[in-house]
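> Quick one, structure_7.cif (mmCIF, C-alpha atoms (C1' of nucleotides)):
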data_work
#
loop_
_atom_site.label_atom_id
_atom_site.label_comp_id
_atom_site.auth_asym_id
_atom_site.auth_seq_id
_atom_site.Cartn_x
_atom_site.Cartn_y
_atom_site.Cartn_z
CA MET C 1 17.86 -19.08 24.70
CA THR C 2 20.40 -21.57 23.53
CA ARG C 3 23.78 -20.10 22.73
CA VAL C 4 24.66 -19.77 19.11
CA GLY C 5 28.35 -20.40 19.59
CA LEU C 6 29.84 -17.27 18.15
CA THR C 7 33.57 -17.06 17.81
CA THR C 8 35.72 -14.50 16.10
CA ASP C 9 36.63 -17.11 13.54
CA ARG C 10 33.08 -18.12 12.70
CA LEU C 11 32.09 -14.48 12.43
CA VAL C 12 34.93 -13.67 10.08
CA ARG C 13 34.27 -16.66 7.84
CA ALA C 14 30.56 -15.88 7.75
CA GLY C 15 31.48 -12.27 7.07
CA ALA C 16 33.54 -13.35 4.07
CA ASP C 17 30.61 -15.36 2.72
CA LEU C 18 28.33 -12.43 3.36
CA ALA C 19 30.70 -10.15 1.46
CA ASP C 20 30.56 -12.48 -1.53
CA GLU C 21 26.78 -12.37 -1.42
CA ILE C 22 25.98 -8.75 -0.75
CA GLY C 23 29.29 -6.95 -1.26
CA PHE C 24 32.15 -6.09 1.03
CA GLU C 25 30.90 -2.55 1.65
CA GLN C 26 27.57 -3.85 2.85
CA THR C 27 29.18 -6.35 5.17
CA THR C 28 28.46 -4.79 8.55
CA PRO C 29 28.13 -6.00 12.13
CA ALA C 30 24.37 -5.41 11.95
CA GLU C 31 23.95 -7.55 8.84
CA LEU C 32 26.24 -10.23 10.20
CA ALA C 33 24.32 -10.37 13.49
CA ARG C 34 21.09 -10.73 11.54
CA ARG C 35 22.66 -13.67 9.72
CA PHE C 36 23.41 -15.40 13.02
CA GLY C 37 20.08 -14.51 14.56
CA VAL C 38 21.66 -12.59 17.40
CA ARG C 39 21.68 -8.95 18.48
CA THR C 40 24.33 -6.70 17.02
CA ALA C 41 25.71 -5.97 20.47
CA SER C 42 26.55 -9.64 20.87
CA LEU C 43 29.28 -9.42 18.25
CA TYR C 44 31.31 -6.93 20.21
CA SER C 45 32.79 -9.47 22.53
CA HIS C 46 34.31 -11.20 19.50
CA LEU C 47 35.08 -8.20 17.30
CA LYS C 48 36.52 -4.86 18.32
CA ASN C 49 34.36 -2.89 15.91
CA ALA C 50 33.23 -2.72 12.28
CA HIS C 51 36.72 -1.87 11.03
CA ASP C 52 38.12 -4.85 12.87
CA LEU C 53 35.61 -7.09 11.09
CA LYS C 54 36.63 -5.77 7.69
CA THR C 55 40.30 -6.06 8.49
CA ARG C 56 39.91 -9.68 9.54
CA ILE C 57 37.95 -10.53 6.39
CA ALA C 58 40.67 -8.88 4.34
CA LEU C 59 43.36 -10.94 6.05
CA LEU C 60 41.35 -14.11 5.53
CA ALA C 61 40.96 -13.37 1.83
CA LEU C 62 44.64 -12.59 1.39
CA GLU C 63 45.49 -15.85 3.11
CA GLU C 64 43.10 -17.92 1.01
CA LEU C 65 44.33 -16.35 -2.17
CA ALA C 66 47.95 -16.89 -1.23
CA ASP C 67 47.18 -20.55 -0.46
CA GLN C 68 45.54 -21.08 -3.82
CA VAL C 69 48.25 -19.29 -5.75
CA SER C 70 50.89 -21.21 -3.87
CA ALA C 71 49.26 -24.52 -4.73
CA ALA C 72 48.80 -23.60 -8.39
CA VAL C 73 52.32 -22.35 -8.92
CA ALA C 74 54.06 -25.25 -7.22
CA GLY C 75 56.07 -27.26 -9.70
CA ARG C 76 55.60 -24.81 -12.54
CA ALA C 77 57.97 -22.33 -14.10
CA GLY C 78 58.10 -19.65 -16.75
CA LYS C 79 54.95 -18.93 -18.67
CA ASP C 80 53.28 -21.92 -17.10
CA ALA C 81 53.75 -20.46 -13.65
CA LEU C 82 52.77 -16.98 -14.80
CA THR C 83 49.53 -18.26 -16.28
CA ALA C 84 48.74 -20.36 -13.24
CA PHE C 85 49.27 -17.42 -10.89
CA ALA C 86 47.22 -15.08 -13.03
CA ASN C 87 44.35 -17.49 -13.51
CA VAL C 88 44.05 -18.34 -9.85
CA TYR C 89 44.02 -14.66 -9.06
CA ARG C 90 41.35 -13.88 -11.63
CA ASP C 91 39.21 -16.92 -10.86
CA TYR C 92 39.29 -16.12 -7.18
CA ALA C 93 38.11 -12.59 -7.87
CA LEU C 94 35.29 -13.73 -10.13
CA GLU C 95 34.13 -16.46 -7.79
CA HIS C 96 34.54 -14.43 -4.62
CA PRO C 97 33.91 -10.80 -5.45
CA GLY C 98 33.37 -9.81 -1.83
CA ARG C 99 36.51 -11.54 -0.61
CA PHE C 100 38.44 -10.03 -3.48
CA ALA C 101 37.19 -6.55 -2.60
CA ALA C 102 38.22 -7.31 0.96
CA ALA C 103 41.70 -8.25 -0.18
CA ARG C 104 42.04 -4.73 -1.56
CA PHE C 105 40.87 -3.16 1.68
CA ARG C 106 43.45 -0.70 2.83
CA LEU C 107 45.19 -2.10 5.90
CA ASP C 108 47.37 -0.13 8.20
CA PRO C 109 51.03 -0.89 7.52
CA GLU C 110 51.70 -3.09 10.55
CA THR C 111 48.62 -5.24 9.88
CA ALA C 112 49.55 -5.52 6.24
CA ALA C 113 53.10 -6.51 7.08
CA ALA C 114 51.85 -9.25 9.39
CA GLY C 115 49.40 -10.58 6.81
CA ALA C 116 49.74 -12.68 3.71
CA GLY C 117 50.56 -9.75 1.43
CA VAL C 118 54.19 -10.64 1.93
CA ARG C 119 53.59 -14.15 0.60
CA HIS C 120 52.04 -12.67 -2.53
CA ALA C 121 55.12 -10.58 -3.20
CA ARG C 122 57.40 -13.55 -2.64
CA MET C 123 55.44 -15.74 -5.03
CA MET C 124 55.47 -13.07 -7.68
CA ARG C 125 59.24 -12.90 -7.46
CA ALA C 126 59.44 -16.67 -7.59
CA ILE C 127 57.68 -16.61 -10.91
CA LEU C 128 60.12 -14.11 -12.28
CA ARG C 129 62.97 -16.47 -11.52
CA GLY C 130 62.04 -18.14 -14.77
CA TYR C 131 62.67 -14.94 -16.68
CA ASP C 132 66.18 -14.01 -15.63
CA LEU C 133 65.67 -10.36 -14.75
CA ALA C 134 68.27 -8.56 -12.66
CA GLU C 135 67.39 -5.80 -10.23
CA PRO C 136 65.96 -3.24 -10.51
CA HIS C 137 64.18 -4.73 -13.52
CA GLN C 138 62.78 -7.53 -11.44
CA THR C 139 61.06 -5.10 -9.13
CA HIS C 140 59.69 -3.15 -12.06
CA ALA C 141 58.34 -6.38 -13.49
CA VAL C 142 56.81 -7.39 -10.15
CA ARG C 143 55.03 -4.08 -10.02
CA LEU C 144 53.88 -4.39 -13.60
CA LEU C 145 52.45 -7.85 -13.06
CA GLY C 146 50.77 -6.79 -9.85
CA SER C 147 49.27 -3.82 -11.64
CA VAL C 148 47.99 -5.82 -14.57
CA PHE C 149 46.45 -8.56 -12.46
CA SER C 150 44.87 -6.22 -9.97
CA GLY C 151 43.88 -3.74 -12.64
CA TYR C 152 42.39 -6.18 -15.10
CA VAL C 153 40.44 -8.11 -12.54
CA GLY C 154 39.31 -4.93 -10.87
CA LEU C 155 38.01 -3.50 -14.12
CA GLU C 156 36.45 -6.78 -15.17
CA SER C 157 34.59 -7.34 -11.92
CA ALA C 158 33.50 -3.70 -11.91
CA GLY C 159 31.81 -4.42 -15.20
CA GLY C 160 34.30 -2.43 -17.23
CA PHE C 161 34.42 -5.01 -20.00
CA SER C 162 30.79 -5.99 -20.16
CA HIS C 163 28.72 -5.21 -23.21
CA SER C 164 31.82 -5.12 -25.36
CA ALA C 165 33.44 -7.69 -27.59
CA PRO C 166 35.67 -9.61 -27.54
CA ASP C 167 35.14 -11.83 -24.55
CA PRO C 168 37.18 -10.82 -21.49
CA GLN C 169 38.61 -14.33 -21.39
CA GLU C 170 40.09 -13.83 -24.84
CA SER C 171 41.74 -10.55 -23.85
CA TRP C 172 43.03 -12.15 -20.69
CA THR C 173 44.75 -14.92 -22.61
CA ALA C 174 46.17 -12.48 -25.11
CA ILE C 175 47.45 -10.27 -22.32
CA LEU C 176 49.17 -13.17 -20.59
CA ASP C 177 50.84 -14.06 -23.88
CA ALA C 178 51.93 -10.48 -24.28
CA LEU C 179 53.29 -10.31 -20.76
CA ASP C 180 55.23 -13.50 -21.27
CA THR C 181 56.76 -12.08 -24.41
CA LEU C 182 57.52 -8.86 -22.64
CA LEU C 183 59.22 -10.54 -19.72
CA ARG C 184 61.40 -12.58 -22.06
CA THR C 185 62.50 -9.47 -23.94
CA TRP C 186 62.41 -6.90 -21.14
CA PRO C 187 64.02 -3.65 -22.27
CA THR C 188 66.94 -3.37 -19.86
CA THR C 189 68.51 -0.34 -21.50
CA ALA C 190 65.49 1.97 -21.88
CA MET X 1 20.06 33.78 8.52
CA THR X 2 21.54 34.77 5.24
CA ARG X 3 21.31 32.18 2.53
CA VAL X 4 24.46 30.31 1.74
CA GLY X 5 23.70 29.89 -1.93
CA LEU X 6 23.81 26.14 -2.28
CA THR X 7 23.53 24.64 -5.72
CA THR X 8 24.00 21.09 -6.87
CA ASP X 9 27.11 22.19 -8.68
CA ARG X 10 28.73 23.90 -5.72
CA LEU X 11 27.94 20.94 -3.53
CA VAL X 12 29.47 18.50 -5.96
CA ARG X 13 32.63 20.54 -6.42
CA ALA X 14 32.99 21.00 -2.68
CA GLY X 15 32.33 17.30 -2.30
CA ALA X 16 35.18 16.54 -4.67
CA ASP X 17 37.52 18.76 -2.64
CA LEU X 18 36.29 17.13 0.51
CA ALA X 19 36.99 13.71 -0.96
CA ASP X 20 40.57 14.73 -1.68
CA GLU X 21 40.98 15.89 1.90
CA ILE X 22 39.28 13.19 3.91
CA GLY X 23 38.72 10.37 1.42
CA PHE X 24 35.88 9.50 -0.91
CA GLU X 25 34.36 7.02 1.51
CA GLN X 26 34.11 9.65 4.21
CA THR X 27 32.51 12.15 1.88
CA THR X 28 28.95 12.18 3.17
CA PRO X 29 26.03 14.61 3.15
CA ALA X 30 26.57 15.23 6.86
CA GLU X 31 30.22 16.17 6.42
CA LEU X 32 29.49 18.29 3.38
CA ALA X 33 26.74 20.18 5.20
CA ARG X 34 29.14 20.85 8.06
CA ARG X 35 31.55 22.27 5.52
CA PHE X 36 28.94 24.72 4.29
CA GLY X 37 27.68 25.57 7.74
CA VAL X 38 24.17 24.35 7.00
CA ARG X 39 22.01 21.55 8.28
CA THR X 40 22.27 18.20 6.57
CA ALA X 41 18.60 18.32 5.61
CA SER X 42 19.28 21.42 3.54
CA LEU X 43 21.25 19.44 0.99
CA TYR X 44 18.32 17.32 -0.01
CA SER X 45 16.76 19.92 -2.24
CA HIS X 46 19.95 19.84 -4.34
CA LEU X 47 20.92 16.19 -4.04
CA LYS X 48 18.70 13.16 -4.21
CA ASN X 49 20.62 11.27 -1.55
CA ALA X 50 24.10 10.17 -0.50
CA HIS X 51 24.50 7.89 -3.50
CA ASP X 52 23.56 10.71 -5.82
CA LEU X 53 26.30 12.85 -4.30
CA LYS X 54 28.90 10.16 -4.85
CA THR X 55 27.73 9.53 -8.38
CA ARG X 56 27.99 13.20 -9.24
CA ILE X 57 31.47 13.47 -7.77
CA ALA X 58 32.47 10.42 -9.79
CA LEU X 59 31.15 11.97 -12.99
CA LEU X 60 32.95 15.22 -12.23
CA ALA X 61 36.22 13.39 -11.68
CA LEU X 62 35.87 11.39 -14.87
CA GLU X 63 35.17 14.59 -16.78
CA GLU X 64 38.15 16.43 -15.30
CA LEU X 65 40.43 13.53 -15.97
CA ALA X 66 39.22 13.19 -19.54
CA ASP X 67 39.80 16.91 -20.08
CA GLN X 68 43.33 16.73 -18.79
CA VAL X 69 44.18 13.61 -20.74
CA SER X 70 42.67 15.12 -23.85
CA ALA X 71 44.77 18.26 -23.51
CA ALA X 72 47.95 16.32 -22.82
CA VAL X 73 47.55 13.89 -25.68
CA ALA X 74 46.63 16.48 -28.30
CA GLY X 75 49.32 16.74 -30.93
CA ARG X 76 51.27 13.75 -29.68
CA ALA X 77 51.59 10.26 -31.08
CA GLY X 78 53.21 6.93 -30.34
CA LYS X 79 55.22 6.62 -27.17
CA ASP X 80 54.93 10.34 -26.60
CA ALA X 81 51.17 10.13 -26.47
CA LEU X 82 51.26 6.97 -24.37
CA THR X 83 53.50 8.61 -21.80
CA ALA X 84 51.45 11.79 -21.73
CA PHE X 85 48.24 9.84 -21.15
CA ALA X 86 49.79 7.70 -18.48
CA ASN X 87 51.40 10.58 -16.62
CA VAL X 88 48.29 12.70 -16.57
CA TYR X 89 46.39 9.74 -15.24
CA ARG X 90 48.91 9.01 -12.52
CA ASP X 91 49.47 12.63 -11.54
CA TYR X 92 45.76 13.19 -11.27
CA ALA X 93 45.44 10.21 -8.96
CA LEU X 94 48.32 11.31 -6.75
CA GLU X 95 47.18 14.92 -6.55
CA HIS X 96 43.50 14.11 -6.17
CA PRO X 97 43.19 10.82 -4.33
CA GLY X 98 39.58 11.40 -3.41
CA ARG X 99 38.54 12.35 -6.93
CA PHE X 100 40.46 9.38 -8.26
CA ALA X 101 38.70 7.04 -5.88
CA ALA X 102 35.46 8.64 -7.02
CA ALA X 103 36.35 7.94 -10.63
CA ARG X 104 36.45 4.26 -9.73
CA PHE X 105 33.08 4.39 -8.03
CA ARG X 106 30.84 1.82 -9.56
CA LEU X 107 28.18 3.56 -11.61
CA ASP X 108 25.06 1.93 -12.93
CA PRO X 109 25.43 1.18 -16.64
CA GLU X 110 23.22 3.99 -17.96
CA THR X 111 24.98 6.62 -15.85
CA ALA X 112 28.34 5.30 -16.89
CA ALA X 113 27.37 5.32 -20.54
CA ALA X 114 26.28 8.94 -20.29
CA GLY X 115 29.46 9.98 -18.49
CA ALA X 116 33.00 10.64 -19.62
CA GLY X 117 34.06 7.01 -19.43
CA VAL X 118 33.38 6.79 -23.12
CA ARG X 119 35.85 9.61 -23.83
CA HIS X 120 38.50 7.71 -21.93
CA ALA X 121 38.02 4.66 -24.08
CA ARG X 122 38.13 6.72 -27.25
CA MET X 123 41.35 8.44 -26.24
CA MET X 124 42.96 5.16 -25.38
CA ARG X 125 42.18 3.88 -28.84
CA ALA X 126 43.47 7.09 -30.37
CA ILE X 127 46.82 6.44 -28.76
CA LEU X 128 46.96 2.98 -30.20
CA ARG X 129 46.61 4.39 -33.69
CA GLY X 130 50.33 5.04 -33.45
CA TYR X 131 50.99 1.34 -32.98
CA ASP X 132 49.22 -0.24 -35.90
CA LEU X 133 47.29 -2.98 -34.12
CA ALA X 134 44.40 -4.65 -35.90
CA GLU X 135 41.38 -5.95 -34.07
CA PRO X 136 40.99 -7.84 -31.84
CA HIS X 137 44.53 -7.02 -30.75
CA GLN X 138 43.68 -3.38 -30.37
CA THR X 139 40.97 -4.16 -27.86
CA HIS X 140 43.28 -6.47 -25.96
CA ALA X 141 45.83 -3.67 -25.85
CA VAL X 142 43.26 -1.13 -24.70
CA ARG X 143 42.34 -3.44 -21.88
CA LEU X 144 45.94 -4.04 -20.98
CA LEU X 145 46.76 -0.35 -20.84
CA GLY X 146 43.64 0.38 -18.81
CA SER X 147 44.57 -2.39 -16.42
CA VAL X 148 48.14 -1.24 -15.98
CA PHE X 149 47.26 2.40 -15.44
CA SER X 150 44.40 1.72 -13.11
CA GLY X 151 46.25 -1.08 -11.36
CA TYR X 152 49.55 0.69 -10.88
CA VAL X 153 48.05 3.90 -9.67
CA GLY X 154 45.63 2.05 -7.46
CA LEU X 155 48.40 0.07 -5.82
CA GLU X 156 50.65 3.08 -5.51
CA SER X 157 48.05 5.30 -3.91
CA ALA X 158 47.03 2.47 -1.62
CA GLY X 159 50.58 2.49 -0.34
CA GLY X 160 51.51 -0.77 -2.01
CA PHE X 161 54.91 0.50 -3.10
CA SER X 162 55.88 2.48 -0.05
CA HIS X 163 58.79 1.41 2.08
CA SER X 164 60.33 -0.42 -0.84
CA ALA X 165 63.03 0.54 -3.28
CA PRO X 166 63.27 1.53 -6.04
CA ASP X 167 61.21 4.70 -6.27
CA PRO X 168 57.75 4.21 -7.78
CA GLN X 169 58.58 6.89 -10.32
CA GLU X 170 61.44 4.77 -11.60
CA SER X 171 59.25 1.70 -11.99
CA TRP X 172 56.61 3.78 -13.68
CA THR X 173 59.06 5.02 -16.29
CA ALA X 174 60.42 1.53 -16.83
CA ILE X 175 56.92 0.14 -17.21
CA LEU X 176 55.99 2.75 -19.79
CA ASP X 177 59.11 1.85 -21.73
CA ALA X 178 58.20 -1.80 -21.50
CA LEU X 179 54.64 -1.15 -22.65
CA ASP X 180 55.87 0.86 -25.60
CA THR X 181 58.14 -1.98 -26.61
CA LEU X 182 55.34 -4.45 -26.14
CA LEU X 183 52.92 -2.49 -28.27
CA ARG X 184 55.46 -2.22 -31.08
CA THR X 185 56.07 -5.97 -31.02
CA TRP X 186 52.64 -7.23 -30.00
CA PRO X 187 52.42 -11.02 -30.40
CA THR X 188 49.67 -11.33 -32.98
CA THR X 189 49.98 -15.10 -33.50
CA ALA X 190 50.11 -16.50 -29.95
"C1'" DC V 1 5.68 46.85 -2.87
"C1'" DA V 2 2.32 42.78 -2.76
"C1'" DG V 3 2.68 37.81 -4.30
"C1'" DT V 4 5.07 33.96 -5.29
"C1'" DT V 5 8.89 31.16 -5.31
"C1'" DT V 6 12.24 28.73 -2.92
"C1'" DG V 7 16.26 28.13 0.20
"C1'" DC V 8 17.31 26.70 4.44
"C1'" DC V 9 15.28 25.71 8.76
"C1'" DT V 10 13.13 22.66 12.73
"C1'" DA V 11 11.30 18.40 13.94
"C1'" DA V 12 10.84 13.85 13.34
"C1'" DT V 13 11.77 8.74 12.10
"C1'" DC V 14 14.73 4.95 11.07
"C1'" DG V 15 18.67 2.30 11.45
"C1'" DG V 16 23.62 1.23 12.38
"C1'" DA V 17 27.70 1.59 15.63
"C1'" DG V 18 29.13 1.03 19.98
"C1'" DT V 19 28.96 0.76 25.51
"C1'" DA V 20 27.32 -0.84 30.20
"C1'" DG V 21 25.54 -3.97 32.88
"C1'" DG V 22 22.49 -8.20 33.77
"C1'" DC V 23 21.12 -13.05 33.69
"C1'" DA V 24 21.50 -17.62 32.59
"C1'" DA V 25 24.04 -21.38 30.32
"C1'" DA V 26 28.19 -23.68 30.19
"C1'" DT V 27 32.13 -25.06 32.58
"C1'" DA V 28 35.16 -26.14 36.49
"C1'" DC V 29 35.85 -28.20 40.43
"C1'" DA V 30 34.93 -30.28 44.90
"C1'" DT E 1 26.44 -34.24 41.58
"C1'" DG E 2 25.96 -29.80 43.48
"C1'" DT E 3 28.13 -25.37 43.82
"C1'" DA E 4 31.07 -21.57 42.08
"C1'" DT E 5 32.80 -19.21 38.33
"C1'" DT E 6 33.15 -17.86 33.85
"C1'" DT E 7 31.24 -16.00 29.91
"C1'" DG E 8 27.95 -15.67 25.97
"C1'" DC E 9 24.29 -13.28 24.56
"C1'" DC E 10 20.72 -10.09 26.02
"C1'" DT E 11 18.34 -5.52 27.20
"C1'" DA E 12 18.75 -0.80 27.42
"C1'" DC E 13 20.92 3.00 26.17
"C1'" DT E 14 23.55 6.91 23.58
"C1'" DC E 15 25.26 8.95 19.53
"C1'" DC E 16 25.19 9.92 14.82
"C1'" DG E 17 24.14 9.76 9.78
"C1'" DA E 18 20.39 9.44 6.21
"C1'" DT E 19 16.21 10.95 4.91
"C1'" DT E 20 11.29 13.11 4.87
"C1'" DA E 21 7.66 16.61 6.02
"C1'" DG E 22 6.40 20.88 6.70
"C1'" DG E 23 7.35 25.95 8.08
"C1'" DC E 24 9.15 30.61 7.67
"C1'" DA E 25 11.55 34.18 5.72
"C1'" DA E 26 14.58 35.92 2.01
"C1'" DA E 27 14.73 36.79 -2.62
"C1'" DC E 28 12.82 37.35 -7.04
"C1'" DT E 29 8.50 38.79 -10.21
"C1'" DG E 30 5.36 41.75 -11.59
#
Using the file provided, produce a representation of the structure as structure tokens.


Amino acid sequence: MTRVGLTTDRLVRAGADLADEIGFEQTTPAELARRFGVRTASLYSHLKNAHDLKTRIALLALEELADQVSAAVAGRAGKDALTAFANVYRDYALEHPGRFAAARFRLDPETAAAGAGVRHARMMRAILRGYDLAEPHQTHAVRLLGSVFSGYVGLESAGGFSHSAPDPQESWTAILDALDTLLRTWPTTA
Amino acid sequence: MTRVGLTTDRLVRAGADLADEIGFEQTTPAELARRFGVRTASLYSHLKNAHDLKTRIALLALEELADQVSAAVAGRAGKDALTAFANVYRDYALEHPGRFAAARFRLDPETAAAGAGVRHARMMRAILRGYDLAEPHQTHAVRLLGSVFSGYVGLESAGGFSHSAPDPQESWTAILDALDTLLRTWPTTA
DNA sequence: CAGTTTGCCTAATCGGAGTAGGCAAATACA
DNA sequence: TGTATTTGCCTACTCCGATTAGGCAAACTG
């Protein structure tokens, strides 16, 4: 009985892969143990419980996504930065559906505050620097962008746009154009 | 042992209430049976299985939401209609978090096609009649609006805007203004 | 009011989550 | 290098939810 070499880290990374393959909901200690060829009970020295596993996968996904966004946005500004951010976000979701679902897993406030969610918010604001929006408009715009990205990608990966023309890619491009226009002419008087 | 009078319909409605109280994820046959004071096994003559329960709650929620949107939008046009649609959607989600989560439950294509999702799409397009957008711009706009509504409300009810000024209501109003502006000046060349 | 339907039951299996305690492999250390 | 300690994974268990099979009695049907 050679040891498999489980660590919290390996389990979480394998869990993220598993989520991409079979779905985040289905990513359970039992399934993960099966993947490693060990008994379920063996995971519990590395993970507190099933919720802990999901939380850790969520934090991993948020971190990965923040890294990719950060890299894509570096050195860009204005619409260029907006598009880069949006595309990384969408591509990540399409390539890693399980991780993306994990990133939307509801974390308790302290965990969320300690995770990479904060980086996401900061990067979003960085993008808006190119659009000259004063508060509170900037916050409104941050929330709008967050909603559109999360909403569009959520609907798309849930199959909301399948079986209907035009291609989701086309709408995505058009929507980014529209958002750019909107941010440049944001109605500050309302 | 008097009979409780279970029916599929009563179970589904109670399941929807249960979802609002304890969350859609936690809405299980076992919990529902407890609520009715019967054994879990007794549900299985009215429901196929746990997935069937969730599907039915989802369809109920979609129907309710479509009814409310339909009533609110009737007789309105343009920004008025847009705001009415959006507010009904958001209010429903905030008042009925479990039902709203159910409405986002992934249905298999045939079930979805038979459900009220189609009404939602039709109503969204009806609203856009006030904005004079030709295809494919109309579809892009439908997708944008769907993304914003679903995204904003999803983030808000997931606690994404808590502990941060300004009030989500304020952002919501500002975003609806911005969307109205955007729809009236949609970039058709891009 | 007999006969049939059927609603809810008991009893059972299966599988996942989680805990307690054991044994052996890896490591530390002389 | 041999011994002591740590610790990784195991067995064995409990608890609970999902689901099926079959029974009994309440409620309809005539």

> Going by the chain IDs and residue numbers used in this file, which residues fall under the PyMOL selection byres ((chain E and resi 4-7) around 8)? Write them as an mmCIF file with C-alpha atoms (C1' of nucleotides), keeping the file's coordinate frame.


data_model
loop_
_atom_site.group_PDB
_atom_site.id
_atom_site.type_symbol
_atom_site.label_atom_id
_atom_site.label_comp_id
_atom_site.auth_asym_id
_atom_site.auth_seq_id
_atom_site.Cartn_x
_atom_site.Cartn_y
_atom_site.Cartn_z
ATOM 1 C "C1'" DT V 27 32.130 -25.060 32.580
ATOM 2 C "C1'" DA V 28 35.160 -26.140 36.490
ATOM 3 C "C1'" DT E 3 28.130 -25.370 43.820
ATOM 4 C "C1'" DG E 8 27.950 -15.670 25.970
#

> Counting all atoms listed in the file, what is within 9 Å of segment 25-39 of chain C, bar same-chain residues fewer than 4 positions away, as a PyMOL selection string?

(chain C and resi 4+6+11+14-16+18-19+43-44+47+49-50+53-54+98+101-102) or (chain V and resi 16-17) or (chain E and resi 9-10)

> Quick one: pull the distance between atom CA of Gln68 of chain X and atom CA of Ile175 of chain X, Å, one decimal.

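Separation between atom CA of Gln68 of chain X and atom CA of Ile175 of chain X: 21.5 Å.
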
> Find the spatial neighbours of DT5 of chain V, counting all atoms listed in the file, within a cut-off of 10 Å - ignore same-chain residues fewer than 5 positions away - and output them as a PyMOL selection string.

chain E and resi 27-29

> With only C-alpha atoms (C1' of nucleotides) as the basis for distance, which of C:Lys48, C:His140, C:Arg3, C:Arg10 is at the shortest distance from DT19 of chain V?

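Nearest to DT19 of chain V: C:Lys48.
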
> Kindly provide, as a ChimeraX atom specification, the polymer residues lying within 12 Å of (56.9, -14.6, -7.6), counting only C-alpha atoms (C1' of nucleotides) and using the coordinates exactly as they appear in the file.

/C:66,69-70,73-74,76-78,81-86,118-131,138-139,141-143,145-146

> Taking only C-alpha atoms (C1' of nucleotides) into account, find every residue of chain V that has an atom no more than 9 Å from chain X, and write it out as a list in words.

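Every residue of chain V that passes the 9 Å test is in DG7, DC8 and DC9 of chain V.
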
> Those same residues - C-alpha atoms (C1' of nucleotides) - I'd like them written as an mmCIF file, keeping the file's coordinate frame.


data_model
loop_
_atom_site.group_PDB
_atom_site.id
_atom_site.type_symbol
_atom_site.label_atom_id
_atom_site.label_comp_id
_atom_site.auth_asym_id
_atom_site.auth_seq_id
_atom_site.Cartn_x
_atom_site.Cartn_y
_atom_site.Cartn_z
ATOM 1 C "C1'" DG V 7 16.260 28.130 0.200
ATOM 2 C "C1'" DC V 8 17.310 26.700 4.440
ATOM 3 C "C1'" DC V 9 15.280 25.710 8.760
#

> Pick from X:Leu176, X:Leu94, X:Val88, X:Ala158: nearest to chain C, with only C-alpha atoms counted?

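For chain C, the nearest of the candidates is X:Ala158.
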
> Do you have the atom CA of Arg56 of chain X-atom CA of Val12 of chain X distance handy?

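Rounded to one decimal, the two atoms are 6.4 Å apart.
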